[in-house]
file entry.cif (mmCIF, C-alpha atoms)
data_final
loop_
_atom_site.group_PDB
_atom_site.id
_atom_site.type_symbol
_atom_site.label_atom_id
_atom_site.label_comp_id
_atom_site.auth_asym_id
_atom_site.auth_seq_id
_atom_site.Cartn_x
_atom_site.Cartn_y
_atom_site.Cartn_z
ATOM 1 C CA ILE A 560 20.947 31.422 24.810
ATOM 2 C CA SER A 561 18.837 29.571 22.298
ATOM 3 C CA TYR A 562 18.196 25.993 21.396
ATOM 4 C CA ILE A 563 17.047 24.480 18.144
ATOM 5 C CA ALA A 564 13.764 22.620 18.033
ATOM 6 C CA GLN A 565 13.698 20.470 14.955
ATOM 7 C CA TYR A 566 10.822 18.826 13.200
ATOM 8 C CA TYR A 567 11.845 16.488 10.417
ATOM 9 C CA ASP A 568 9.382 15.062 7.939
ATOM 10 C CA ILE A 569 10.330 13.826 4.485
ATOM 11 C CA ASN A 570 7.924 16.338 2.947
ATOM 12 C CA PHE A 571 8.087 19.333 5.207
ATOM 13 C CA PRO A 572 11.456 19.746 6.944
ATOM 14 C CA GLU A 573 11.783 22.818 9.052
ATOM 15 C CA THR A 574 14.092 24.035 11.765
ATOM 16 C CA TYR A 575 12.821 26.581 14.238
ATOM 17 C CA GLU A 576 15.181 28.672 16.319
ATOM 18 C CA ILE A 577 13.451 29.337 19.588
ATOM 19 C CA PHE A 578 15.016 31.468 22.259
ATOM 20 C CA ALA A 579 15.028 30.310 25.869
ATOM 21 C CA ASN A 580 12.937 33.302 26.921
ATOM 22 C CA ALA A 581 10.345 32.706 24.170
ATOM 23 C CA ASP A 582 6.793 32.284 25.315
ATOM 24 C CA GLU A 583 4.067 30.217 23.692
ATOM 25 C CA HIS A 584 2.991 33.160 21.516
ATOM 26 C CA ASP A 585 6.496 33.427 20.040
ATOM 27 C CA VAL A 586 6.499 29.730 19.193
ATOM 28 C CA ILE A 587 3.003 29.852 17.708
ATOM 29 C CA ASP A 588 3.880 32.947 15.645
ATOM 30 C CA LYS A 589 6.906 31.140 14.151
ATOM 31 C CA MET A 590 4.814 28.117 13.278
ATOM 32 C CA LEU A 591 2.028 30.219 11.750
ATOM 33 C CA TYR A 592 4.578 32.154 9.710
ATOM 34 C CA GLN A 593 5.926 28.876 8.318
ATOM 35 C CA PHE A 594 2.399 27.605 7.643
ATOM 36 C CA ASP A 595 1.660 30.743 5.644
ATOM 37 C CA LYS A 596 4.754 30.111 3.545
ATOM 38 C CA VAL A 597 3.437 26.632 2.643
ATOM 39 C CA PHE A 598 -0.320 27.297 2.534
ATOM 40 C CA THR A 599 -0.283 29.920 -0.204
ATOM 41 C CA ASP A 600 -3.049 32.126 -1.582
ATOM 42 C CA GLU A 601 -3.493 29.490 -4.303
ATOM 43 C CA TYR A 602 -4.215 26.905 -1.609
ATOM 44 C CA TYR A 603 -6.728 29.159 0.137
ATOM 45 C CA ALA A 604 -8.497 29.694 -3.205
ATOM 46 C CA ARG A 605 -8.443 25.962 -3.951
ATOM 47 C CA ALA A 606 -9.893 25.130 -0.523
ATOM 48 C CA GLU A 607 -12.714 27.591 -1.173
ATOM 49 C CA GLU A 608 -13.265 26.070 -4.633
ATOM 50 C CA LEU A 609 -13.606 22.650 -2.981
ATOM 51 C CA GLY A 610 -16.024 24.047 -0.392
ATOM 52 C CA MET A 611 -13.618 23.211 2.417
ATOM 53 C CA SER A 612 -12.290 25.213 5.321
ATOM 54 C CA VAL A 613 -8.555 25.330 5.936
ATOM 55 C CA ARG A 614 -9.207 23.181 9.012
ATOM 56 C CA ASP A 615 -10.922 20.569 6.823
ATOM 57 C CA VAL A 616 -8.025 20.554 4.366
ATOM 58 C CA ILE A 617 -5.467 20.131 7.147
ATOM 59 C CA THR A 618 -7.582 17.454 8.823
ATOM 60 C CA LEU A 619 -7.810 15.477 5.578
ATOM 61 C CA ALA A 620 -4.105 16.080 4.880
ATOM 62 C CA SER A 621 -3.243 14.748 8.339
ATOM 63 C CA ILE A 622 -5.081 11.488 7.588
ATOM 64 C CA ILE A 623 -3.339 11.216 4.216
ATOM 65 C CA GLU A 624 -0.012 11.850 5.977
ATOM 66 C CA ARG A 625 -0.576 8.951 8.364
ATOM 67 C CA GLU A 626 -1.895 6.576 5.674
ATOM 68 C CA ALA A 627 0.614 7.186 2.855
ATOM 69 C CA ARG A 628 4.190 5.940 2.778
ATOM 70 C CA VAL A 629 4.845 6.266 -0.950
ATOM 71 C CA PRO A 630 4.626 9.867 -2.224
ATOM 72 C CA GLU A 631 2.798 8.980 -5.447
ATOM 73 C CA ASP A 632 0.028 7.289 -3.437
ATOM 74 C CA ARG A 633 -0.954 10.493 -1.608
ATOM 75 C CA PRO A 634 -3.227 12.008 -4.311
ATOM 76 C CA ILE A 635 -4.807 8.599 -4.936
ATOM 77 C CA ILE A 636 -5.497 8.064 -1.232
ATOM 78 C CA ALA A 637 -6.988 11.570 -1.193
ATOM 79 C CA SER A 638 -9.266 10.567 -4.075
ATOM 80 C CA VAL A 639 -10.500 7.534 -2.130
ATOM 81 C CA PHE A 640 -11.455 9.760 0.793
ATOM 82 C CA TYR A 641 -13.153 12.326 -1.463
ATOM 83 C CA ASN A 642 -15.066 9.552 -3.236
ATOM 84 C CA ARG A 643 -16.234 8.159 0.093
ATOM 85 C CA ILE A 644 -17.266 11.584 1.375
ATOM 86 C CA LYS A 645 -19.314 12.157 -1.817
ATOM 87 C CA ILE A 646 -21.419 9.058 -1.144
ATOM 88 C CA ASP A 647 -21.559 9.527 2.650
ATOM 89 C CA MET A 648 -19.449 6.409 3.186
ATOM 90 C CA PRO A 649 -17.279 6.379 6.314
ATOM 91 C CA LEU A 650 -13.599 7.028 5.619
ATOM 92 C CA GLN A 651 -12.654 3.956 7.668
ATOM 93 C CA SER A 652 -9.104 5.178 8.166
ATOM 94 C CA CYS A 653 -6.957 3.025 10.418
ATOM 95 C CA ALA A 654 -4.898 6.139 11.132
ATOM 96 C CA THR A 655 -7.810 7.822 12.914
ATOM 97 C CA VAL A 656 -8.324 4.792 15.157
ATOM 98 C CA GLN A 657 -4.600 4.666 15.901
ATOM 99 C CA TYR A 658 -4.875 8.327 16.869
ATOM 100 C CA ILE A 659 -7.609 7.427 19.357
ATOM 101 C CA LEU A 660 -5.551 4.523 20.697
ATOM 102 C CA GLY A 661 -2.426 6.654 20.942
ATOM 103 C CA GLU A 662 -0.340 3.891 19.379
ATOM 104 C CA GLN A 663 0.495 2.363 16.028
ATOM 105 C CA LYS A 664 -0.838 -1.146 15.633
ATOM 106 C CA ALA A 665 0.020 -3.234 12.585
ATOM 107 C CA VAL A 666 -3.534 -4.568 12.524
ATOM 108 C CA LEU A 667 -6.556 -3.073 14.242
ATOM 109 C CA SER A 668 -9.026 -5.352 15.967
ATOM 110 C CA ILE A 669 -12.778 -5.158 15.419
ATOM 111 C CA LYS A 670 -12.959 -3.916 19.019
ATOM 112 C CA ASP A 671 -10.558 -1.069 18.146
ATOM 113 C CA THR A 672 -12.774 0.065 15.259
ATOM 114 C CA LYS A 673 -15.786 0.247 17.584
ATOM 115 C CA ILE A 674 -14.286 2.711 20.075
ATOM 116 C CA GLU A 675 -16.713 5.593 20.434
ATOM 117 C CA SER A 676 -14.972 8.818 19.493
ATOM 118 C CA PRO A 677 -15.715 11.628 17.043
ATOM 119 C CA TYR A 678 -12.311 10.736 15.545
ATOM 120 C CA ASN A 679 -13.403 7.190 14.753
ATOM 121 C CA THR A 680 -13.961 7.267 10.999
ATOM 122 C CA TYR A 681 -15.237 3.696 11.081
ATOM 123 C CA LEU A 682 -18.277 4.853 13.071
ATOM 124 C CA HIS A 683 -18.716 8.405 11.798
ATOM 125 C CA ALA A 684 -18.921 9.507 8.158
ATOM 126 C CA GLY A 685 -17.023 12.585 7.050
ATOM 127 C CA LEU A 686 -13.928 14.139 8.500
ATOM 128 C CA PRO A 687 -13.075 13.953 12.184
ATOM 129 C CA PRO A 688 -13.260 17.206 14.172
ATOM 130 C CA GLY A 689 -9.591 18.062 13.669
ATOM 131 C CA PRO A 690 -6.191 16.886 12.473
ATOM 132 C CA ILE A 691 -4.669 13.654 13.778
ATOM 133 C CA ALA A 692 -1.072 14.562 12.886
ATOM 134 C CA SER A 693 1.026 17.324 11.433
ATOM 135 C CA PRO A 694 0.751 16.926 7.661
ATOM 136 C CA GLY A 695 3.632 17.475 5.284
ATOM 137 C CA ALA A 696 3.464 19.735 2.251
ATOM 138 C CA ASP A 697 2.837 16.778 -0.098
ATOM 139 C CA SER A 698 -0.157 15.623 1.935
ATOM 140 C CA ILE A 699 -1.594 19.141 1.987
ATOM 141 C CA LYS A 700 -1.185 19.341 -1.788
ATOM 142 C CA ALA A 701 -2.843 15.911 -2.194
ATOM 143 C CA ALA A 702 -5.796 17.019 -0.048
ATOM 144 C CA LEU A 703 -6.238 20.038 -2.302
ATOM 145 C CA TYR A 704 -5.502 18.304 -5.609
ATOM 146 C CA PRO A 705 -6.631 14.680 -5.359
ATOM 147 C CA ALA A 706 -6.239 12.307 -8.276
ATOM 148 C CA GLU A 707 -9.369 11.691 -10.313
ATOM 149 C CA THR A 708 -10.312 8.067 -9.697
ATOM 150 C CA ASP A 709 -13.331 5.944 -8.951
ATOM 151 C CA TYR A 710 -11.518 4.111 -6.140
ATOM 152 C CA LEU A 711 -13.320 3.510 -2.866
ATOM 153 C CA TYR A 712 -10.828 1.136 -1.223
ATOM 154 C CA PHE A 713 -7.130 0.829 -0.579
ATOM 155 C CA LEU A 714 -4.852 -1.293 1.515
ATOM 156 C CA ASP A 715 -1.165 -1.413 2.317
ATOM 157 C CA LYS A 716 0.606 -4.043 0.237
ATOM 158 C CA GLY A 717 3.226 -4.569 2.931
ATOM 159 C CA ASP A 718 5.968 -2.627 1.168
ATOM 160 C CA GLY A 719 4.571 0.820 1.930
ATOM 161 C CA SER A 720 2.700 1.106 -1.360
ATOM 162 C CA HIS A 721 -1.028 0.560 -1.709
ATOM 163 C CA ALA A 722 -3.440 -1.470 -3.806
ATOM 164 C CA PHE A 723 -6.464 0.554 -4.900
ATOM 165 C CA SER A 724 -9.851 -0.755 -5.994
ATOM 166 C CA SER A 725 -13.271 0.465 -7.004
ATOM 167 C CA THR A 726 -15.225 -2.518 -5.718
ATOM 168 C CA TYR A 727 -15.380 -4.351 -2.439
ATOM 169 C CA ASP A 728 -14.884 -7.665 -4.264
ATOM 170 C CA GLN A 729 -11.571 -6.435 -5.695
ATOM 171 C CA PHE A 730 -10.608 -5.100 -2.269
ATOM 172 C CA LEU A 731 -11.165 -8.590 -0.812
ATOM 173 C CA LYS A 732 -9.024 -10.129 -3.574
ATOM 174 C CA ASP A 733 -6.266 -7.582 -2.842
ATOM 175 C CA LYS A 734 -6.583 -8.335 0.864
ATOM 176 C CA ALA A 735 -6.164 -12.066 0.234
ATOM 177 C CA LYS A 736 -3.133 -11.361 -1.934
ATOM 178 C CA TYR A 737 -1.303 -8.878 0.285
ATOM 179 C CA ILE A 738 -2.322 -9.623 3.864
#

call {"tool": "encode", "arguments": {"input": "entry.cif", "output": "structure tokens"}}
result
Amino acid sequence: ISYIAQYYDINFPETYEIFANADEHDVIDKMLYQFDKVFTDEYYARAEELGMSVRDVITLASIIEREARVPEDRPIIASVFYNRIKIDMPLQSCATVQYILGEQKAVLSIKDTKIESPYNTYLHAGLPPGPIASPGADSIKAALYPAETDYLYFLDKGDGSHAFSSTYDQFLKDKAKYI
């Protein structure tokens, strides 16, 4: 007897058939097999070219996955994070704080952003120690092939898309307009 465990994501749908007598190794092997189908040799080479480990790529992709709602925003959001990493600026991703909290909040409080955790990208520059979600194929691709921008800021416009800006002043104007 078997049952179907399904994971649906707009970007990475997959159905796994797992037998009732399967152990954790069987499940992990199926998932790793699927990962290897998505994370191709090209992606391994690109990660190396970027100076990133696969873990780093998946960690960044997981943040992109949680931040992006509109597919075309993913590579631009990735560029914001890369640009921040280049200048040692904290990523300041709400998604990482929500991961710490274990819940989705429409608006984080200042107190939320001060929670001490290695996953808190408001307090710690660079990537957190590991993924915060299971990223879809589009987020993985965006982490490997970010758009080329000079953006350092973005915010949700309320419709799932994002406003991007290169300066804090423009970010504040966007914030006043959309929030």

call {"tool": "resolve_selection", "arguments": {"input": "entry.cif", "expression": "the PyMOL selection byres ((chain A and resi 681) around 10)", "output": "ChimeraX atom specification"}}
result
/A:648-653,655-656,671-680,682-685

call {"tool": "resolve_selection", "arguments": {"input": "entry.cif", "expression": "the PyMOL selection byres ((chain A and resi 601-608) around 12)", "output": "MDAnalysis selection string"}}
result
chainID A and resid 594:600 609:617 619 696 699:705

call {"tool": "atom_distance", "arguments": {"input": "entry.cif", "atom1": "atom CA of A:Gln663", "atom2": "atom CA of A:Gly719"}}
result
14.8 Å

call {"tool": "residues_around", "arguments": {"input": "entry.cif", "residues": "stretch 621-634 of chain A", "least_positions_apart": "2", "cutoff": "6 Å", "atoms": "all atoms listed in the file", "output": "ChimeraX atom specification"}}
result
/A:617-619,636-637,654,690-694,698,701,705-706,719-720

call {"tool": "atom_distance", "arguments": {"input": "entry.cif", "atom1": "atom CA of A:Val586", "atom2": "atom CA of A:Gly689"}}
result
20.6 Å

call {"tool": "decode", "arguments": {"input": "entry.cif", "residues": "stretch 662-684 of chain A", "atoms": "N, CA, C and O atoms", "output": "mmCIF file, in the first residue's frame"}}
result
data_model
loop_
_atom_site.group_PDB
_atom_site.id
_atom_site.type_symbol
_atom_site.label_atom_id
_atom_site.label_comp_id
_atom_site.auth_asym_id
_atom_site.auth_seq_id
_atom_site.Cartn_x
_atom_site.Cartn_y
_atom_site.Cartn_z
ATOM 1 N N GLU A 662 5.702 32.541 11.988
ATOM 2 C CA GLU A 662 4.407 33.004 11.484
ATOM 3 C C GLU A 662 4.606 34.121 10.475
ATOM 4 O O GLU A 662 5.637 34.785 10.463
ATOM 5 N N GLN A 663 3.600 34.293 9.639
ATOM 6 C CA GLN A 663 3.607 35.380 8.662
ATOM 7 C C GLN A 663 2.882 36.575 9.267
ATOM 8 O O GLN A 663 1.721 36.463 9.630
ATOM 9 N N LYS A 664 3.588 37.675 9.368
ATOM 10 C CA LYS A 664 2.963 38.908 9.840
ATOM 11 C C LYS A 664 2.963 39.893 8.681
ATOM 12 O O LYS A 664 3.963 40.007 7.971
ATOM 13 N N ALA A 665 1.868 40.602 8.511
ATOM 14 C CA ALA A 665 1.790 41.593 7.431
ATOM 15 C C ALA A 665 2.847 42.670 7.615
ATOM 16 O O ALA A 665 3.472 43.127 6.655
ATOM 17 N N VAL A 666 3.058 43.076 8.848
ATOM 18 C CA VAL A 666 4.053 44.104 9.161
ATOM 19 C C VAL A 666 4.827 43.654 10.397
ATOM 20 O O VAL A 666 4.231 43.296 11.414
ATOM 21 N N LEU A 667 6.148 43.683 10.285
ATOM 22 C CA LEU A 667 6.982 43.342 11.431
ATOM 23 C C LEU A 667 7.134 44.558 12.332
ATOM 24 O O LEU A 667 7.194 45.690 11.861
ATOM 25 N N SER A 668 7.232 44.311 13.617
ATOM 26 C CA SER A 668 7.488 45.396 14.561
ATOM 27 C C SER A 668 8.996 45.600 14.683
ATOM 28 O O SER A 668 9.787 44.728 14.302
ATOM 29 N N ILE A 669 9.388 46.719 15.223
ATOM 30 C CA ILE A 669 10.810 46.971 15.509
ATOM 31 C C ILE A 669 11.324 45.886 16.444
ATOM 32 O O ILE A 669 12.428 45.376 16.278
ATOM 33 N N LYS A 670 10.493 45.504 17.421
ATOM 34 C CA LYS A 670 10.868 44.454 18.373
ATOM 35 C C LYS A 670 11.162 43.142 17.634
ATOM 36 O O LYS A 670 12.123 42.447 17.956
ATOM 37 N N ASP A 671 10.327 42.816 16.635
ATOM 38 C CA ASP A 671 10.542 41.595 15.853
ATOM 39 C C ASP A 671 11.919 41.609 15.186
ATOM 40 O O ASP A 671 12.611 40.590 15.160
ATOM 41 N N THR A 672 12.294 42.748 14.628
ATOM 42 C CA THR A 672 13.561 42.835 13.884
ATOM 43 C C THR A 672 14.780 42.829 14.797
ATOM 44 O O THR A 672 15.902 42.759 14.302
ATOM 45 N N LYS A 673 14.558 42.869 16.101
ATOM 46 C CA LYS A 673 15.673 42.859 17.053
ATOM 47 C C LYS A 673 15.854 41.512 17.751
ATOM 48 O O LYS A 673 16.686 41.375 18.645
ATOM 49 N N ILE A 674 15.079 40.517 17.341
ATOM 50 C CA ILE A 674 15.204 39.181 17.937
ATOM 51 C C ILE A 674 16.585 38.624 17.595
ATOM 52 O O ILE A 674 16.986 38.591 16.428
ATOM 53 N N GLU A 675 17.300 38.204 18.620
ATOM 54 C CA GLU A 675 18.643 37.667 18.391
ATOM 55 C C GLU A 675 18.542 36.249 17.840
ATOM 56 O O GLU A 675 17.997 35.354 18.480
ATOM 57 N N SER A 676 19.039 36.093 16.635
ATOM 58 C CA SER A 676 19.073 34.795 15.964
ATOM 59 C C SER A 676 20.048 34.918 14.803
ATOM 60 O O SER A 676 20.111 35.973 14.160
ATOM 61 N N PRO A 677 20.787 33.850 14.496
ATOM 62 C CA PRO A 677 21.656 33.909 13.320
ATOM 63 C C PRO A 677 20.856 34.040 12.019
ATOM 64 O O PRO A 677 21.405 34.394 10.986
ATOM 65 N N TYR A 678 19.554 33.792 12.089
ATOM 66 C CA TYR A 678 18.678 33.937 10.920
ATOM 67 C C TYR A 678 18.148 35.358 10.763
ATOM 68 O O TYR A 678 17.495 35.661 9.776
ATOM 69 N N ASN A 679 18.414 36.213 11.741
ATOM 70 C CA ASN A 679 17.898 37.574 11.666
ATOM 71 C C ASN A 679 18.810 38.424 10.781
ATOM 72 O O ASN A 679 19.869 38.886 11.202
ATOM 73 N N THR A 680 18.360 38.638 9.550
ATOM 74 C CA THR A 680 19.171 39.390 8.585
ATOM 75 C C THR A 680 19.044 40.894 8.766
ATOM 76 O O THR A 680 19.622 41.660 7.996
ATOM 77 N N TYR A 681 18.325 41.323 9.781
ATOM 78 C CA TYR A 681 18.350 42.734 10.175
ATOM 79 C C TYR A 681 19.559 42.991 11.071
ATOM 80 O O TYR A 681 20.123 44.076 11.066
ATOM 81 N N LEU A 682 19.947 41.980 11.842
ATOM 82 C CA LEU A 682 21.063 42.131 12.786
ATOM 83 C C LEU A 682 22.381 41.628 12.233
ATOM 84 O O LEU A 682 23.439 42.074 12.668
ATOM 85 N N HIS A 683 22.327 40.664 11.319
ATOM 86 C CA HIS A 683 23.539 40.008 10.838
ATOM 87 C C HIS A 683 23.653 40.149 9.323
ATOM 88 O O HIS A 683 22.736 39.776 8.593
ATOM 89 N N ALA A 684 24.783 40.674 8.865
ATOM 90 C CA ALA A 684 25.030 40.809 7.426
ATOM 91 C C ALA A 684 25.265 39.425 6.817
ATOM 92 O O ALA A 684 25.631 38.479 7.517
#
